[in-house]
Amino acid sequence: MDAAPADRPSRLRRSSLPARPRPPRARDEAAQASARTAERNLHRFALAALLLATFGLRLWGIKQGLPYSYNFDEARHYVPRAIAYFSHDYNPNYFLNPPAYSYLLNIVFELWFGSADAVSRAYASDPTEVFVVARVVVAVLGTLSVWLTYLAGVRMFNRTVGLVAAAIFGLAFLPIFYSHLALNDTPTLAPVALSLYGTAGVLRNGARRDYVLAGIGCGVAAATKYTGAITFVCLLAACLCDGLSGRTVMRSLWRLGLCVAAAAIAFVVANPYSLLDFSAFHAGVTTQQALAAGSDPEKLGTTASSGTAFYLWTYTWGLGWAPSLAAVGGAIALLVRRRLAAALVLIPAPIAFMIYMGDQQRFFGRWLMPTFPIVALLGAYGAVSFGRWLIAARKLPAVAVIAVTAIVLLGQSLSTVLHSDKVLSRPDTRNLTRAWMVKHVPAGSKIVVEPVVADNWGYDIGRADPATPSGARWKLWDTSLTDVDIHDHDRHLPPGKHMFVGQDQYERSLRPELLTEYAKADYCWVVIGSLQAGRSFAQPKIAPQAIAYYAQLANDAKLVYHVTPFSTSKRAVPFSFDWSIDYYPGQYVRPGPEMSVYRLTIGRCSPDYIKKRR
């Protein structure tokens, strides 16, 4: 009801009086609350911008190489297996790599294409869309891992450290490059970061749900890539700190058991045939360990003598010099400030990982990636601590400190990522070589192609060509078989016997006499690539016959086409298992190896013989 008329004048008089000034303490509290709100909004905006930027960088160049997939693992181990699940049960019958990522792809393919038949038809006729979908899934999971790293940093330290850690990790070169390929390396980082988020919760309050969350993340990470289990080292340290923090040790041990159970259940759910077909699972894991340990013949092209030194070097470009040094500073700062719990959780895991992986005989930069979220947290803490010291002790302007810190921390990563994405957006040298050959090498010709291309490279994909009604444009020499012992080049196998030659050992099967065999069988075109030839020249004493083969090829054939991925004004990059496939050095202007096409001029391939035959 309306107020009585008599009340209205008094209300008007009270409302016209000036407001009482707030006490100084109240004004300070209001200003602080307003500042905190502004800071939160700024962090949210910065995080949103970072996630959009890192997702965009992962999508730029995502069609590299297609319709041909030139990464051996991508072409054979994940997308094809995800499609194969439509036609039989979910036993991968392959455990060198765990199947969680291929299971996820199977679900995504079903949702995207609508049916198993639609997926199979697309993959058979033109696999471009299939691979793009698989790669976008990786890009999404990579971006999710950045967000989860931010949350872990907020929980373990504060919002500023979380944001800096997300920026270091989100713009790092290796995680972004491998987001362009349908491999399990980048997908592993999402559950790794999830486990770190749960571990930070264990460190903060020891809640049961955080133990379970950390265990689930660890289990799913291991079911995606076995090395993802490194986060369990962090979790064990957090459990120890929880038990020593005044809470009962028995309660912490019981919750650790709960965490182990959650990890085991998550691993089995994401990799059910690890139990249902345990013998195959055990054999796969054992084989993977043997391959990494180098029990097979030495991997040709290996130039690093120390695995630990190799991985330390990988941090300087895969994550960046400044973030890596900041991580060392962060570790020291945690110890000096007696933040022993956080130090115990974050410091031992990367060290243990490098010692174990560095003791193997095969080294790849991408194998180090499960440690990146951990090192990013250390680097962020170190950078933020140093920045705050500059502002407080040296009285430097906060804006200047933040700007310089961002440039120093992220400048290297951002410049190399932009360069790499620009390279990936251009045609691959193998696609350029194939386009030249379509124009200059008649359909049906017999050719020898080194295993630097996809299995379907000899087929016309996604287009009908009257010259190749079956889809096979050329007849390819089988480079996967040899009649010599690759372990003893002077020993020939018995007549009719052959030995399988893996892509890693192809150079061991080469010898000059092969060129005569090519010519006798009318294989007059020879295509070579630096991804293979570079291995033998990197270790000339191990494969001298391969070097002799290439020298003989230059004498017995004419070079008719050559394309390089490097800028013509710069030197070529020496062979490297990492830089030859991830195009990190600035010399690269397009993806792919150096490619050369030769036309043999001996025997049945000589111009005189061809004229007589005509």
# chains A, B, ... in the order shown; residues from 1 in each chain; ligands from 1

$ residues_around --residues "Asp210 of chain A" --least-positions-apart "6" --cutoff "6 Å" --atoms "only C-alpha atoms" --output "list in words"
Gly198, Gly201 and Val202 of chain A

$ write_last_selection --atoms "N, CA, C and O atoms" --output "mmCIF file, in the first residue's frame"
data_model
loop_
_atom_site.group_PDB
_atom_site.id
_atom_site.type_symbol
_atom_site.label_atom_id
_atom_site.label_comp_id
_atom_site.auth_asym_id
_atom_site.auth_seq_id
_atom_site.Cartn_x
_atom_site.Cartn_y
_atom_site.Cartn_z
ATOM 1 N N GLY A 198 43.960 -32.841 -9.426
ATOM 2 C CA GLY A 198 43.575 -33.603 -8.246
ATOM 3 C C GLY A 198 44.682 -33.649 -7.217
ATOM 4 O O GLY A 198 44.434 -33.543 -6.011
ATOM 5 N N GLY A 201 44.770 -30.637 -5.175
ATOM 6 C CA GLY A 201 43.719 -30.696 -4.163
ATOM 7 C C GLY A 201 44.115 -31.543 -2.974
ATOM 8 O O GLY A 201 43.821 -31.204 -1.818
ATOM 9 N N VAL A 202 44.800 -32.650 -3.229
ATOM 10 C CA VAL A 202 45.307 -33.486 -2.137
ATOM 11 C C VAL A 202 46.270 -32.686 -1.277
ATOM 12 O O VAL A 202 46.239 -32.743 -0.046
#

$ residues_around --residues "Ile347 of chain A" --least-positions-apart "6" --cutoff "12 Å" --atoms "only C-alpha atoms" --output "short mmCIF file (atom, residue, chain, number, x, y, z; two decimals) with N, CA and C atoms, in the first residue's frame"
data_model
loop_
_atom_site.label_atom_id
_atom_site.label_comp_id
_atom_site.auth_asym_id
_atom_site.auth_seq_id
_atom_site.Cartn_x
_atom_site.Cartn_y
_atom_site.Cartn_z
N THR A 231 52.66 -38.99 -13.54
CA THR A 231 51.98 -38.16 -12.54
C THR A 231 51.77 -38.90 -11.23
N VAL A 233 54.00 -40.25 -9.54
CA VAL A 233 55.10 -39.81 -8.67
C VAL A 233 54.67 -38.55 -7.91
N CYS A 234 54.02 -37.64 -8.61
CA CYS A 234 53.51 -36.42 -7.95
C CYS A 234 52.47 -36.77 -6.90
N ALA A 237 53.93 -38.20 -3.68
CA ALA A 237 54.52 -37.14 -2.87
C ALA A 237 53.44 -36.35 -2.14
N ALA A 238 52.34 -36.06 -2.83
CA ALA A 238 51.24 -35.32 -2.19
C ALA A 238 50.63 -36.14 -1.05
N ALA A 327 61.95 -22.69 -14.57
CA ALA A 327 61.58 -23.87 -13.79
C ALA A 327 62.66 -24.22 -12.78
N VAL A 328 63.92 -24.09 -13.19
CA VAL A 328 65.03 -24.30 -12.25
C VAL A 328 64.95 -23.27 -11.12
N GLY A 329 64.69 -22.00 -11.50
CA GLY A 329 64.54 -20.96 -10.49
C GLY A 329 63.35 -21.22 -9.58
N GLY A 330 62.25 -21.72 -10.17
CA GLY A 330 61.08 -22.03 -9.36
C GLY A 330 61.36 -23.14 -8.36
N ALA A 331 62.10 -24.16 -8.79
CA ALA A 331 62.45 -25.24 -7.87
C ALA A 331 63.29 -24.71 -6.71
N ILE A 332 64.25 -23.85 -7.02
CA ILE A 332 65.10 -23.27 -5.97
C ILE A 332 64.27 -22.39 -5.04
N ALA A 333 63.36 -21.59 -5.62
CA ALA A 333 62.52 -20.71 -4.80
C ALA A 333 61.64 -21.51 -3.85
N LEU A 334 61.10 -22.62 -4.30
CA LEU A 334 60.26 -23.45 -3.42
C LEU A 334 61.07 -23.98 -2.25
N LEU A 335 62.30 -24.39 -2.52
CA LEU A 335 63.14 -24.93 -1.46
C LEU A 335 63.59 -23.82 -0.50
N ARG A 339 58.67 -24.12 0.95
CA ARG A 339 57.41 -24.69 0.48
C ARG A 339 57.70 -26.11 0.04
N LEU A 340 58.03 -26.91 1.06
CA LEU A 340 58.57 -28.24 0.79
C LEU A 340 57.53 -29.18 0.18
N ALA A 341 56.26 -28.98 0.53
CA ALA A 341 55.23 -29.87 0.00
C ALA A 341 55.13 -29.71 -1.52
N PHE A 353 61.73 -38.99 -14.52
CA PHE A 353 61.35 -39.31 -15.90
C PHE A 353 62.57 -39.24 -16.81
N MET A 354 63.37 -38.19 -16.67
CA MET A 354 64.55 -38.03 -17.53
C MET A 354 65.58 -39.12 -17.27
N THR A 371 55.88 -34.54 -19.06
CA THR A 371 56.43 -33.73 -17.96
C THR A 371 56.18 -32.24 -18.16
N ILE A 374 54.07 -30.24 -15.60
CA ILE A 374 54.75 -30.14 -14.30
C ILE A 374 55.83 -29.07 -14.35
N VAL A 375 56.64 -29.11 -15.40
CA VAL A 375 57.72 -28.13 -15.53
C VAL A 375 57.16 -26.73 -15.75
N ALA A 376 56.02 -26.63 -16.44
CA ALA A 376 55.39 -25.33 -16.65
C ALA A 376 54.96 -24.72 -15.31
N LEU A 377 54.46 -25.53 -14.40
CA LEU A 377 54.08 -25.02 -13.08
C LEU A 377 55.30 -24.50 -12.33
N LEU A 378 56.39 -25.24 -12.40
CA LEU A 378 57.62 -24.77 -11.76
C LEU A 378 58.11 -23.48 -12.40
N GLY A 379 58.09 -23.43 -13.72
CA GLY A 379 58.53 -22.23 -14.42
C GLY A 379 57.67 -21.03 -14.10
#

$ residues_around --residues "Thr143 of chain A" --least-positions-apart "3" --cutoff "6 Å" --atoms "only C-alpha atoms" --output "ChimeraX atom specification"
/A:55,140,146

$ closest_residue --among "A:Ala380, A:Ser576, A:Asn431, A:Ala519" --to "Phe537 of chain A" --atoms "only C-alpha atoms"
A:Ser576

$ residues_around --residues "segment 583-594 of chain A" --least-positions-apart "2" --cutoff "7 Å" --atoms "only C-alpha atoms" --output "mmCIF file with C-alpha atoms, in the first residue's frame"
data_model
loop_
_atom_site.group_PDB
_atom_site.id
_atom_site.type_symbol
_atom_site.label_atom_id
_atom_site.label_comp_id
_atom_site.auth_asym_id
_atom_site.auth_seq_id
_atom_site.Cartn_x
_atom_site.Cartn_y
_atom_site.Cartn_z
ATOM 1 C CA THR A 416 58.704 -20.847 -33.417
ATOM 2 C CA SER A 420 55.967 -23.945 -37.751
ATOM 3 C CA VAL A 423 55.349 -24.094 -42.736
ATOM 4 C CA LEU A 424 52.616 -26.678 -42.127
ATOM 5 C CA ARG A 426 52.150 -25.066 -47.276
ATOM 6 C CA PRO A 427 52.300 -28.106 -49.599
ATOM 7 C CA ASP A 428 54.457 -30.991 -48.432
ATOM 8 C CA THR A 429 57.521 -31.804 -50.555
ATOM 9 C CA ARG A 430 56.193 -35.340 -51.026
ATOM 10 C CA GLY A 529 64.057 -38.777 -49.547
ATOM 11 C CA SER A 530 66.352 -37.336 -46.904
ATOM 12 C CA LEU A 531 64.364 -38.967 -44.084
ATOM 13 C CA VAL A 563 62.571 -30.278 -54.205
ATOM 14 C CA THR A 564 63.821 -29.013 -50.855
ATOM 15 C CA PRO A 565 61.881 -27.904 -47.773
ATOM 16 C CA PHE A 566 64.536 -25.318 -46.959
ATOM 17 C CA SER A 567 64.918 -21.735 -47.981
ATOM 18 C CA LYS A 570 69.957 -20.941 -46.032
ATOM 19 C CA ALA A 572 70.029 -27.459 -45.093
ATOM 20 C CA TRP A 579 63.919 -31.611 -36.400
ATOM 21 C CA SER A 580 63.599 -33.543 -39.663
ATOM 22 C CA ILE A 581 59.919 -34.173 -38.944
ATOM 23 C CA SER A 596 64.787 -36.426 -55.503
#

$ select_by_dssp --residues "segment 32-273 of chain A" --states "helix (DSSP H, G or I)" --output "ChimeraX atom specification"
/A:32-59,72-84,100-113,116-125,128-156,159-170,173-180,185-205,208-224,226-243,249-270,273

$ residues_around --residues "Val441 of chain A" --least-positions-apart "2" --cutoff "12 Å" --atoms "only C-alpha atoms" --output "ChimeraX atom specification"
/A:433-439,443-447,458,467,473-475,523-527,560-561,597-599

$ closest_residue --among "A:Ser509, A:Ile265, A:Ile461, A:Leu183" --to "Pro67 of chain A" --atoms "only C-alpha atoms"
A:Ile461

$ atom_distance --atom1 "atom CA of Phe364 of chain A" --atom2 "atom CA of Ala182 of chain A"
17.1 Å

$ closest_residue --among "A:Ala454, A:Ala221, A:Ala38, A:Ala214" --to "Leu196 of chain A" --atoms "only C-alpha atoms"
A:Ala214

$ closest_atom_pairs --of "segment 391-504 of chain A" --to "segment 163-167 of chain A" --cutoff "12 Å" --atoms "only C-alpha atoms" --output "tab-separated table"
residue	atom	partner	partner_atom	distance
A:Ile402	CA	A:Val164	CA	10.6
A:Thr405	CA	A:Val164	CA	10.0
A:Ala406	CA	A:Val164	CA	8.6
A:Ile407	CA	A:Ala167	CA	11.5
A:Leu409	CA	A:Ala167	CA	9.0
A:Leu410	CA	A:Ala167	CA	7.6
A:Gly411	CA	A:Ala167	CA	11.2
A:Ser413	CA	A:Ala167	CA	10.1
A:Leu414	CA	A:Ala167	CA	10.2

$ closest_residue --among "A:Val573, A:Val408, A:Ala270, A:Cys605" --to "Ala538 of chain A" --atoms "only C-alpha atoms"
A:Val573

$ closest_residue --among "A:Ala223, A:Leu148, A:Ala134, A:Ile355" --to "Lys63 of chain A" --atoms "only C-alpha atoms"
A:Ala134

$ closest_residue --among "A:Met595, A:Leu244, A:Val154, A:Leu57" --to "Pro175 of chain A" --atoms "only C-alpha atoms"
A:Leu57
